[in-house]
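Raw data_34.txt, compact mmCIF, C-alpha atoms:
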# COMPACT_ATOMS: atom_id res chain seq x y z
CA MET I 1 13.79 12.01 109.50
CA SER I 2 10.17 12.79 110.24
CA ASP I 3 10.76 12.46 113.96
CA THR I 4 11.43 16.12 114.69
CA GLY I 5 8.24 17.66 115.95
CA SER I 6 8.69 20.86 114.03
CA ALA I 7 8.74 19.16 110.62
CA SER I 8 5.77 16.89 111.34
CA MET I 9 2.49 17.86 109.77
CA LEU I 10 0.77 15.11 111.72
CA ARG I 11 2.07 13.61 114.91
CA ALA I 12 0.43 10.95 117.08
CA ARG I 13 1.65 9.51 120.36
CA GLY I 14 0.07 6.51 122.05
CA LEU I 15 -3.08 6.96 120.02
CA ARG I 16 -5.78 4.51 121.10
CA LYS I 17 -9.41 3.90 120.26
CA GLU I 18 -11.48 1.41 122.23
CA TYR I 19 -15.01 0.17 121.72
CA GLY I 20 -17.13 -1.79 124.19
CA ARG I 21 -16.00 -2.66 127.67
CA GLU I 22 -14.65 -5.49 129.85
CA ALA I 23 -14.82 -8.84 128.03
CA GLY I 24 -16.21 -7.13 124.93
CA LEU I 25 -13.45 -4.51 124.79
CA VAL I 26 -11.99 -4.01 121.33
CA ARG I 27 -8.89 -1.92 120.77
CA ALA I 28 -9.40 -0.82 117.17
CA VAL I 29 -6.32 1.40 117.41
CA ASP I 30 -3.85 0.29 120.01
CA GLY I 31 -1.04 2.66 120.92
CA VAL I 32 -0.04 4.16 117.59
CA ASP I 33 2.97 6.50 117.34
CA LEU I 34 3.15 8.21 113.99
CA ASP I 35 4.83 11.16 112.33
CA VAL I 36 3.87 12.37 108.88
CA ALA I 37 6.24 14.95 107.46
CA ALA I 38 4.95 17.97 105.59
CA GLY I 39 4.71 17.10 101.91
CA GLU I 40 4.96 13.37 102.51
CA THR I 41 2.68 10.76 100.93
CA LEU I 42 2.09 7.98 103.44
CA ALA I 43 0.21 4.78 102.66
CA VAL I 44 -1.27 2.63 105.44
CA MET I 45 -2.01 -0.98 104.50
CA GLY I 46 -3.39 -3.92 106.39
CA PRO I 47 -6.10 -6.56 106.34
CA SER I 48 -9.76 -5.66 106.81
CA GLY I 49 -10.50 -4.90 110.43
CA CYS I 50 -6.89 -4.05 111.34
CA GLY I 51 -7.97 -0.56 112.44
CA LYS I 52 -6.61 1.48 109.55
CA SER I 53 -9.86 3.29 108.79
CA THR I 54 -10.36 4.04 112.48
CA LEU I 55 -6.83 5.43 112.59
CA LEU I 56 -7.61 7.68 109.64
CA HIS I 57 -10.80 8.91 111.35
CA LEU I 58 -8.80 9.74 114.48
CA LEU I 59 -6.14 11.58 112.47
CA GLY I 60 -8.85 13.64 110.75
CA GLY I 61 -10.83 14.44 113.87
CA LEU I 62 -13.89 12.51 112.62
CA ASP I 63 -13.59 10.44 115.75
CA ARG I 64 -12.10 11.04 119.21
CA PRO I 65 -9.26 8.92 120.59
CA SER I 66 -9.82 7.01 123.86
CA ALA I 67 -6.26 7.93 124.81
CA GLY I 68 -3.14 9.45 123.33
CA GLU I 69 -2.05 12.75 121.88
CA LEU I 70 -2.42 14.21 118.42
CA TRP I 71 -0.86 17.26 116.82
CA LEU I 72 -1.63 18.88 113.49
CA ASP I 73 1.01 21.24 112.20
CA GLY I 74 2.44 21.65 115.70
CA ARG I 75 -0.93 22.30 117.33
CA ARG I 76 -2.38 19.88 119.89
CA VAL I 77 -5.82 18.86 118.60
CA ASP I 78 -7.01 15.88 120.67
CA GLN I 79 -8.33 18.15 123.43
CA LEU I 80 -10.25 20.60 121.27
CA THR I 81 -13.95 21.21 121.92
CA GLU I 82 -16.43 19.74 119.42
CA ARG I 83 -16.92 23.13 117.84
CA ALA I 84 -13.23 23.88 117.50
CA LEU I 85 -12.65 20.40 116.11
CA ALA I 86 -15.40 20.82 113.52
CA ARG I 87 -13.91 24.14 112.47
CA LEU I 88 -10.47 22.58 112.19
CA ARG I 89 -11.84 19.68 110.10
CA ARG I 90 -13.46 22.06 107.67
CA ALA I 91 -10.51 24.38 107.35
CA ALA I 92 -7.46 22.15 107.56
CA ILE I 93 -8.35 18.62 106.49
CA GLY I 94 -9.58 17.21 103.19
CA PHE I 95 -11.29 13.83 103.11
CA VAL I 96 -11.58 11.39 100.21
CA PHE I 97 -13.73 8.26 100.59
CA GLN I 98 -14.07 5.02 98.68
CA ALA I 99 -17.71 5.71 97.81
CA PHE I 100 -16.99 9.33 96.77
CA HIS I 101 -19.78 10.77 98.97
CA LEU I 102 -20.76 13.41 96.44
CA MET I 103 -24.14 15.16 96.64
CA ASP I 104 -26.13 13.62 93.79
CA GLU I 105 -28.31 16.65 93.18
CA LEU I 106 -25.39 19.08 92.88
CA THR I 107 -23.17 19.53 89.83
CA ALA I 108 -19.45 18.77 89.96
CA ALA I 109 -18.64 22.47 90.46
CA GLU I 110 -21.29 22.84 93.19
CA ASN I 111 -19.92 19.81 95.02
CA VAL I 112 -16.39 21.18 94.90
CA GLU I 113 -17.32 24.69 96.07
CA LEU I 114 -19.47 23.48 98.96
CA PRO I 115 -16.68 23.24 101.59
CA ALA I 116 -15.47 26.75 100.73
CA LEU I 117 -19.02 28.12 101.07
CA LEU I 118 -19.42 26.35 104.42
CA ALA I 119 -16.16 27.90 105.57
CA GLY I 120 -17.56 31.36 104.84
CA CYS I 121 -15.99 32.01 101.46
CA SER I 122 -17.91 34.34 99.10
CA PRO I 123 -19.90 32.48 96.39
CA ARG I 124 -17.90 34.15 93.66
CA ALA I 125 -14.51 33.21 95.17
CA ALA I 126 -15.74 29.69 95.98
CA ARG I 127 -16.88 29.17 92.38
CA ARG I 128 -13.62 30.51 90.99
CA ARG I 129 -11.63 28.19 93.21
CA ALA I 130 -13.87 25.20 92.34
CA LEU I 131 -13.37 25.74 88.62
CA GLY I 132 -9.62 26.03 89.15
CA LEU I 133 -9.58 22.74 91.07
CA LEU I 134 -11.66 20.97 88.42
CA GLU I 135 -9.18 22.21 85.86
CA ARG I 136 -6.36 20.83 87.95
CA THR I 137 -8.05 17.45 88.22
CA GLY I 138 -8.65 17.30 84.47
CA LEU I 139 -12.41 17.86 84.68
CA ALA I 140 -12.82 21.46 83.52
CA ASP I 141 -15.29 20.35 80.84
CA ARG I 142 -17.38 18.41 83.38
CA ALA I 143 -18.05 21.27 85.81
CA ALA I 144 -21.79 21.43 85.04
CA PHE I 145 -22.35 17.65 85.08
CA LEU I 146 -24.22 15.84 87.83
CA PRO I 147 -22.30 12.98 89.46
CA SER I 148 -24.67 10.49 87.81
CA ALA I 149 -23.35 11.61 84.40
CA LEU I 150 -19.73 10.97 85.41
CA SER I 151 -17.69 7.76 85.43
CA GLY I 152 -16.42 6.36 88.75
CA GLY I 153 -12.94 7.71 88.13
CA GLN I 154 -14.30 11.17 87.30
CA ARG I 155 -16.48 11.16 90.42
CA GLN I 156 -13.47 10.34 92.55
CA ARG I 157 -11.52 13.15 90.95
CA VAL I 158 -14.39 15.53 91.74
CA ALA I 159 -14.24 14.26 95.32
CA ILE I 160 -10.49 14.92 95.42
CA ALA I 161 -11.02 18.42 94.05
CA ARG I 162 -13.60 18.96 96.82
CA ALA I 163 -11.11 17.73 99.41
CA LEU I 164 -8.74 20.47 98.21
CA ALA I 165 -11.37 23.22 98.33
CA ASN I 166 -10.07 24.87 101.50
CA ASP I 167 -6.40 24.30 100.72
CA PRO I 168 -6.08 21.76 103.56
CA LEU I 169 -2.92 21.02 105.50
CA VAL I 170 -3.54 17.31 105.05
CA VAL I 171 -5.61 15.20 102.67
CA LEU I 172 -6.80 11.91 104.20
CA ALA I 173 -8.06 9.25 101.80
CA ASP I 174 -9.82 5.99 102.72
CA GLU I 175 -9.60 3.34 99.97
CA PRO I 176 -9.79 5.99 97.23
CA THR I 177 -9.38 3.43 94.42
CA GLY I 178 -11.51 0.72 96.01
CA ASN I 179 -14.36 1.24 93.52
CA LEU I 180 -12.29 2.03 90.44
CA ASP I 181 -11.09 0.05 87.43
CA SER I 182 -7.51 -0.05 86.25
CA ALA I 183 -7.58 3.03 84.00
CA ALA I 184 -9.46 5.18 86.54
CA THR I 185 -7.03 4.08 89.24
CA LEU I 186 -4.18 5.25 87.07
CA ASP I 187 -5.84 8.68 86.74
CA VAL I 188 -6.23 8.95 90.51
CA LEU I 189 -2.62 7.88 91.03
CA ARG I 190 -1.48 10.55 88.59
CA LEU I 191 -3.55 13.10 90.44
CA PHE I 192 -2.11 12.13 93.83
CA ASP I 193 1.32 12.33 92.27
CA SER I 194 0.73 15.87 91.05
CA LEU I 195 -0.57 16.85 94.51
CA HIS I 196 2.56 15.33 95.99
CA ALA I 197 4.72 17.31 93.58
CA ALA I 198 2.88 20.46 94.69
CA GLY I 199 3.82 19.74 98.32
CA GLN I 200 0.49 18.40 99.58
CA THR I 201 0.67 16.11 102.62
CA LEU I 202 -1.29 12.91 101.94
CA VAL I 203 -2.26 9.96 104.12
CA ILE I 204 -3.92 7.13 102.21
CA VAL I 205 -5.43 4.04 103.79
CA THR I 206 -5.64 1.32 101.17
CA HIS I 207 -5.71 -2.31 100.12
CA ASP I 208 -4.38 -1.30 96.73
CA PRO I 209 -0.69 -2.16 96.33
CA ARG I 210 -0.46 0.30 93.41
CA ILE I 211 -1.04 3.17 95.82
CA ALA I 212 1.26 1.67 98.42
CA ALA I 213 3.99 1.22 95.83
CA THR I 214 3.86 4.83 94.68
CA ALA I 215 3.82 6.40 98.18
CA ASP I 216 6.96 7.77 99.86
CA ARG I 217 6.43 5.47 102.80
CA LEU I 218 4.33 2.46 103.52
CA ILE I 219 3.13 1.43 106.95
CA SER I 220 1.53 -1.92 107.67
CA MET I 221 -1.04 -2.28 110.40
CA ARG I 222 -2.19 -5.41 112.28
CA ASP I 223 -4.67 -5.63 115.14
CA GLY I 224 -4.66 -1.89 115.72
CA ALA I 225 -0.88 -1.49 115.84
CA LEU I 226 1.75 -0.46 113.29
CA VAL I 227 3.97 -3.44 112.55
CA ASP I 228 6.22 -2.59 109.67
CA GLN I 229 7.35 0.34 107.65
CA THR I 230 9.06 0.53 104.33
CA ARG I 231 10.58 3.38 102.43
CA LEU I 232 10.15 2.84 98.74
CA THR I 233 11.89 5.94 97.48
CA GLY I 234 15.14 5.62 95.62
CA GLY I 235 16.39 4.26 92.34
CA THR I 236 14.54 1.79 90.19
CA THR I 237 15.16 -1.93 90.33
CA GLY I 238 15.88 -2.04 86.61
CA HIS I 239 13.72 -5.14 86.33
CA LEU I 240 11.02 -3.88 83.98
CA GLY I 241 12.32 -5.91 81.03
CA ALA I 242 12.61 -9.05 83.09
CA LEU I 243 9.13 -8.46 84.49
CA ALA I 244 7.73 -8.51 80.97
CA GLY I 245 9.54 -11.74 80.12
CA LEU I 246 12.49 -10.20 78.28
CA GLU I 247 15.87 -11.60 79.16
CA GLY I 248 17.87 -9.05 81.13
CA MET T 1 14.32 -30.78 90.97
CA GLN T 2 16.18 -27.73 92.11
CA GLN T 3 19.09 -28.59 94.38
CA GLU T 4 18.25 -26.04 97.05
CA VAL T 5 14.76 -27.42 97.42
CA VAL T 6 16.08 -30.91 98.14
CA LEU T 7 18.63 -29.47 100.56
CA ALA T 8 15.98 -27.48 102.37
CA MET T 9 13.74 -30.53 102.76
CA LEU T 10 16.70 -32.21 104.42
CA ALA T 11 17.27 -29.33 106.84
CA LYS T 12 14.72 -30.63 109.32
CA GLU T 13 16.58 -33.86 110.08
CA PRO T 14 18.69 -36.52 108.35
CA SER T 15 16.33 -38.54 106.17
CA HIS T 16 15.91 -41.27 103.60
CA GLY T 17 15.22 -40.19 100.04
CA TYR T 18 11.67 -41.50 100.22
CA GLN T 19 11.03 -39.34 103.28
CA LEU T 20 12.17 -36.28 101.34
CA ARG T 21 9.84 -37.27 98.56
CA ALA T 22 6.98 -37.64 101.01
CA ARG T 23 7.70 -34.19 102.43
CA LEU T 24 7.73 -32.67 98.97
CA GLY T 25 4.54 -34.53 98.08
CA GLN T 26 2.90 -33.21 101.24
CA ALA T 27 3.98 -29.65 100.55
CA LEU T 28 3.09 -29.62 96.86
CA GLY T 29 -0.03 -31.79 96.69
CA PRO T 30 -1.24 -32.35 93.14
CA VAL T 31 1.21 -29.71 91.87
CA GLY T 32 3.99 -32.19 92.63
CA ASP T 33 2.34 -35.13 90.84
CA ALA T 34 4.53 -34.74 87.79
CA MET T 35 7.68 -35.14 89.87
CA ASN T 36 9.82 -38.04 88.78
CA ALA T 37 10.49 -40.34 91.74
CA GLY T 38 14.04 -41.11 90.66
CA GLN T 39 14.95 -37.46 90.21
CA ILE T 40 15.44 -36.88 93.89
CA TYR T 41 18.17 -39.53 94.04
CA VAL T 42 19.93 -38.04 91.04
CA THR T 43 19.88 -34.66 92.82
CA LEU T 44 21.06 -36.19 96.09
CA GLY T 45 23.96 -37.84 94.25
CA ARG T 46 24.99 -34.50 92.78
CA LEU T 47 24.69 -32.77 96.13
CA GLU T 48 26.86 -35.44 97.72
CA LYS T 49 29.55 -34.95 95.07
CA ALA T 50 29.39 -31.23 95.69
CA GLY T 51 30.00 -31.80 99.41
CA LEU T 52 26.65 -30.36 100.49
CA VAL T 53 25.24 -33.68 101.67
CA THR T 54 26.67 -36.79 103.31
CA SER T 55 25.07 -40.19 103.27
CA GLU T 56 25.24 -43.13 105.61
CA ARG T 57 24.21 -46.62 104.77
CA ALA T 58 22.26 -48.47 107.44
CA ALA T 59 24.25 -51.51 108.61
CA GLY T 60 23.54 -54.78 106.78
CA LEU T 61 21.58 -53.26 103.94
CA PRO T 62 22.67 -53.23 100.29
CA ASP T 63 24.43 -50.14 98.99
CA ARG T 64 21.49 -48.57 97.20
CA PRO T 65 20.52 -44.92 97.24
CA ASP T 66 17.09 -45.70 98.68
CA ARG T 67 18.69 -47.39 101.70
CA LYS T 68 20.83 -44.45 102.67
CA VAL T 69 20.17 -41.76 105.22
CA TYR T 70 21.20 -38.35 103.93
CA ALA T 71 22.24 -35.37 106.05
CA LEU T 72 23.36 -31.80 105.37
CA THR T 73 27.02 -30.89 105.73
CA ALA T 74 27.95 -27.50 107.17
CA ALA T 75 28.29 -26.22 103.60
CA GLY T 76 24.82 -27.62 102.86
CA GLN T 77 23.37 -25.82 105.88
CA GLN T 78 24.92 -22.60 104.67
CA ARG T 79 23.52 -23.07 101.18
CA VAL T 80 20.01 -23.55 102.61
CA ALA T 81 20.34 -20.45 104.78
CA ASP T 82 21.48 -18.42 101.76
CA TRP T 83 18.61 -19.71 99.66
CA LEU T 84 16.04 -18.82 102.31
CA ALA T 85 17.39 -15.29 102.56
CA GLU T 86 17.57 -14.76 98.82
CA VAL T 87 14.73 -12.76 97.28
CA SER T 88 13.94 -13.87 93.75
CA TRP T 89 11.01 -13.22 91.57
CA PRO T 90 9.93 -12.39 88.55
CA ARG T 91 10.50 -15.98 87.55
CA PRO T 92 6.99 -17.06 88.45
CA ASP T 93 8.28 -19.96 90.46
CA LEU T 94 5.51 -20.19 93.01
CA ALA T 95 6.45 -23.70 94.03
CA GLU T 96 9.99 -22.69 94.93
CA PHE T 97 8.81 -19.83 97.13
CA HIS T 98 6.15 -22.01 98.70
CA LEU T 99 8.70 -24.71 99.52
CA LYS T 100 10.96 -22.09 101.01
CA LEU T 101 8.24 -21.21 103.52
CA VAL T 102 7.46 -24.86 104.22
CA ALA T 103 11.13 -25.74 104.74
CA ALA T 104 11.84 -22.65 106.83
CA ALA T 105 8.97 -23.48 109.17
CA ALA T 106 9.62 -27.22 109.37
CA ALA T 107 13.32 -26.86 110.15
CA ARG T 108 12.78 -23.70 112.22
CA LEU T 109 15.52 -22.08 110.17
CA ALA T 110 13.78 -18.81 109.51
CA ASP T 111 10.47 -17.09 110.18
CA PRO T 112 8.16 -17.63 107.17
CA ILE T 113 6.57 -14.24 107.84
CA ALA T 114 9.97 -12.54 107.58
CA ILE T 115 10.54 -14.28 104.23
CA VAL T 116 7.12 -13.09 103.04
CA ASP T 117 7.94 -9.54 104.17
CA ALA T 118 11.25 -9.46 102.32
CA GLN T 119 9.55 -10.77 99.20
CA ARG T 120 6.76 -8.21 99.50
CA ARG T 121 9.20 -5.30 99.79
CA GLU T 122 10.94 -6.46 96.63
CA LEU T 123 7.67 -6.85 94.73
CA LEU T 124 6.48 -3.43 95.89
CA ARG T 125 9.68 -1.88 94.57
CA ARG T 126 9.06 -3.53 91.21
CA LEU T 127 5.42 -2.51 91.27
CA ARG T 128 6.56 1.03 91.98
CA ASP T 129 8.81 1.00 88.91
CA ALA T 130 6.10 -0.44 86.69
CA GLN T 131 3.40 1.88 88.05
CA ARG T 132 5.59 4.98 87.71
CA ALA T 133 6.41 3.98 84.15
CA ALA T 134 2.69 3.45 83.45
CA MET T 135 1.80 6.85 84.92
CA ALA T 136 4.31 8.52 82.61
CA GLU T 137 2.83 6.89 79.49
CA PRO T 138 0.02 8.49 77.50
CA ASP T 139 -3.27 6.57 77.81
CA ARG T 140 -3.81 3.76 75.34
CA SER T 141 -0.21 3.63 74.14
CA ASP T 142 1.16 0.17 73.37
CA ALA T 143 3.68 0.53 76.16
CA ALA T 144 0.94 1.45 78.64
CA LEU T 145 -0.87 -1.78 77.82
CA LEU T 146 2.23 -3.88 78.43
CA LEU T 147 2.94 -2.02 81.67
CA GLU T 148 -0.63 -2.68 82.78
CA GLY T 149 0.05 -6.38 82.27
CA ILE T 150 3.13 -6.19 84.46
CA VAL T 151 1.22 -4.27 87.13
CA LEU T 152 -1.64 -6.78 87.14
CA ARG T 153 0.73 -9.73 87.51
CA LEU T 154 2.60 -8.07 90.35
CA GLN T 155 -0.72 -7.32 92.04
CA ALA T 156 -1.66 -10.98 91.76
CA ASP T 157 1.69 -12.02 93.24
CA LEU T 158 1.22 -9.55 96.10
CA GLY T 159 -2.26 -10.96 96.68
CA TRP T 160 -0.79 -14.41 97.02
CA LEU T 161 1.84 -13.13 99.48
CA GLU T 162 -1.03 -11.78 101.55
CA ALA T 163 -2.57 -15.25 101.57
CA CYS T 164 0.81 -16.74 102.57
CA GLU T 165 1.07 -14.28 105.41
CA ARG T 166 -2.43 -15.03 106.69
CA ASN T 167 -1.82 -18.74 106.51
CA TRP T 168 1.57 -18.76 108.21
CA THR T 169 0.47 -16.26 110.85
CA GLY T 170 -2.44 -18.56 111.61
CA ARG T 171 -0.18 -21.59 111.91
CA ARG T 172 2.22 -19.76 114.16
CA GLY T 173 -0.77 -19.09 116.41
CA GLN T 174 -1.40 -22.83 116.69
CA SER T 175 0.53 -24.88 119.23
CA GLY T 176 3.84 -24.87 117.41
CA ALA T 177 3.36 -27.91 115.18
CA THR T 178 3.06 -27.39 111.43
CA ARG T 179 0.07 -28.95 109.78
CA GLY T 180 0.82 -31.95 107.58
CA GLU T 181 4.11 -32.86 109.25
CA SER T 182 4.40 -35.98 111.32
Whole structure given in structure tokens:
Amino acid sequence: MSDTGSASMLRARGLRKEYGREAGLVRAVDGVDLDVAAGETLAVMGPSGCGKSTLLHLLGGLDRPSAGELWLDGRRVDQLTERALARLRRAAIGFVFQAFHLMDELTAAENVELPALLAGCSPRAARRRALGLLERTGLADRAAFLPSALSGGQRQRVAIARALANDPLVVLADEPTGNLDSAATLDVLRLFDSLHAAGQTLVIVTHDPRIAATADRLISMRDGALVDQTRLTGGTTGHLGALAGLEG
Amino acid sequence: MQQEVVLAMLAKEPSHGYQLRARLGQALGPVGDAMNAGQIYVTLGRLEKAGLVTSERAAGLPDRPDRKVYALTAAGQQRVADWLAEVSWPRPDLAEFHLKLVAAAAARLADPIAIVDAQRRELLRRLRDAQRAAMAEPDRSDAALLLEGIVLRLQADLGWLEACERNWTGRRGQSGATRGES
């Protein structure tokens, strides 16, 4: 269903990333074909070193493919100049990382407004948008806090708000719950769910089966290639009682 | 001992009861220590009555269960194939699932990785249900706590499936033979 080019927000064909050469050649991403539909939440799982983070970096233009083609919202992006690519990254892609990557000396609101300021937004508009996003991520009362005064889950929600600052076409997240406890993970899952409901396209690379289980689609990756995909949408299994030890 | 497990141990080749026991012992290690030695013959007797197994007495030996060679009938083969394809959880029967993988690999009846994949899809669907239910609960409600328990157990099960996959992928990479089988 996501195979028609027009409906694909992200589309990759034969995407490849190689490091080293000759005997030392490593194909971190090895011929990936992928379509992500607009509004879809896609989870990519796989063991450490399978190439899933590299794939995410290629999709977000943080890294250049060795071969293959990449489109974002119908526009070919793998051949852009460095400058055009940097502009595209700022304007159209939101990144979320495992270690949050917030600026420690800036408040939550200042962190969130930074991408809008860098994209040329007026300070007043950037601040208004940042406060709106913090509201949306449940952190309105933490706007003036430094990251050091926030819990891990709150920091990640600030980072997600920052990723949304320029109203990106796609949000790319790399192990977003990797540093979070159970309750904070639940908050982040709820937040992703509300983004999904608002039509945001999300690609999440993760070890966390809770994220994989709540995505629209799950792709498994091994040795740089996609090996398996599962659609998890649809009715419930009706097993909750049995799962808790109650006789069905 | 569950009937399907005994059947599956027999799927590799016709065997004496003690050989089946040795295979089970090999597959289960200390987890199988509590197994009653006589139980396997009781199960084999039932399976024979049910037409899933035939037995043949070696010539000149007394008619005792431990002298017989047992083999699967066509119906027995079918039962094993059905059991391998069946996806069952939340009964936390790790040993049964483990033996399924061991038997599938030893008898080359099914790809252990495919069995792991089918199981993982089922667990992810259940995790999805539990996680969605947890997300809809207010924080710190009693129900949220129970749902967290379900989620944590499913995560642990999925972690073990990952270990199964690594292990069986590694063995497939070796020169065909399965470790621990003679």
Given the choices I:Asp73, I:Glu22, I:Glu82, I:Asp193, which gets closest to Leu169 of chain I if the distance is worked out from all atoms listed in the file? I:Asp73
Mind checking which residues fall within 12 Å of Leu117 of chain I, counting all atoms listed in the file, ignoring those fewer than 6 positions away in the same chain, and posting them as a PyMOL selection string? chain I and resi 90-91+110-111+123-130+162+165-166
Between atom CA of Leu99 of chain T and atom CA of Trp83 of chain T, what distance in Å does the model show, to one decimal? 11.1 Å
Test item: chain T residues at most 7 Å from chain I, counting only C-alpha atoms, as number ranges by chain: T: 90, 124-131, 135, 150, 155
What separation in Å, quoted to one decimal, exists between atom CA of Arg16 of chain I and atom CA of Ala67 of chain I?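 Taking atom CA of Arg16 of chain I as the start and atom CA of Ala67 of chain I as the end point, the length is 5.1 Å.
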Using atom CA of Leu72 of chain T and atom CA of Gln39 of chain T as the two end points, give the distance in Å to one decimal.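 Rounded to one decimal, the two atoms are 18.2 Å apart.
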Give me the residues near Ala71 of chain T as a PyMOL selection string, where near means some atom within 7 Å (using all atoms listed in the file) and where sequence neighbours in that chain fewer than 3 positions away do not count. chain T and resi 10+14-15+53-55
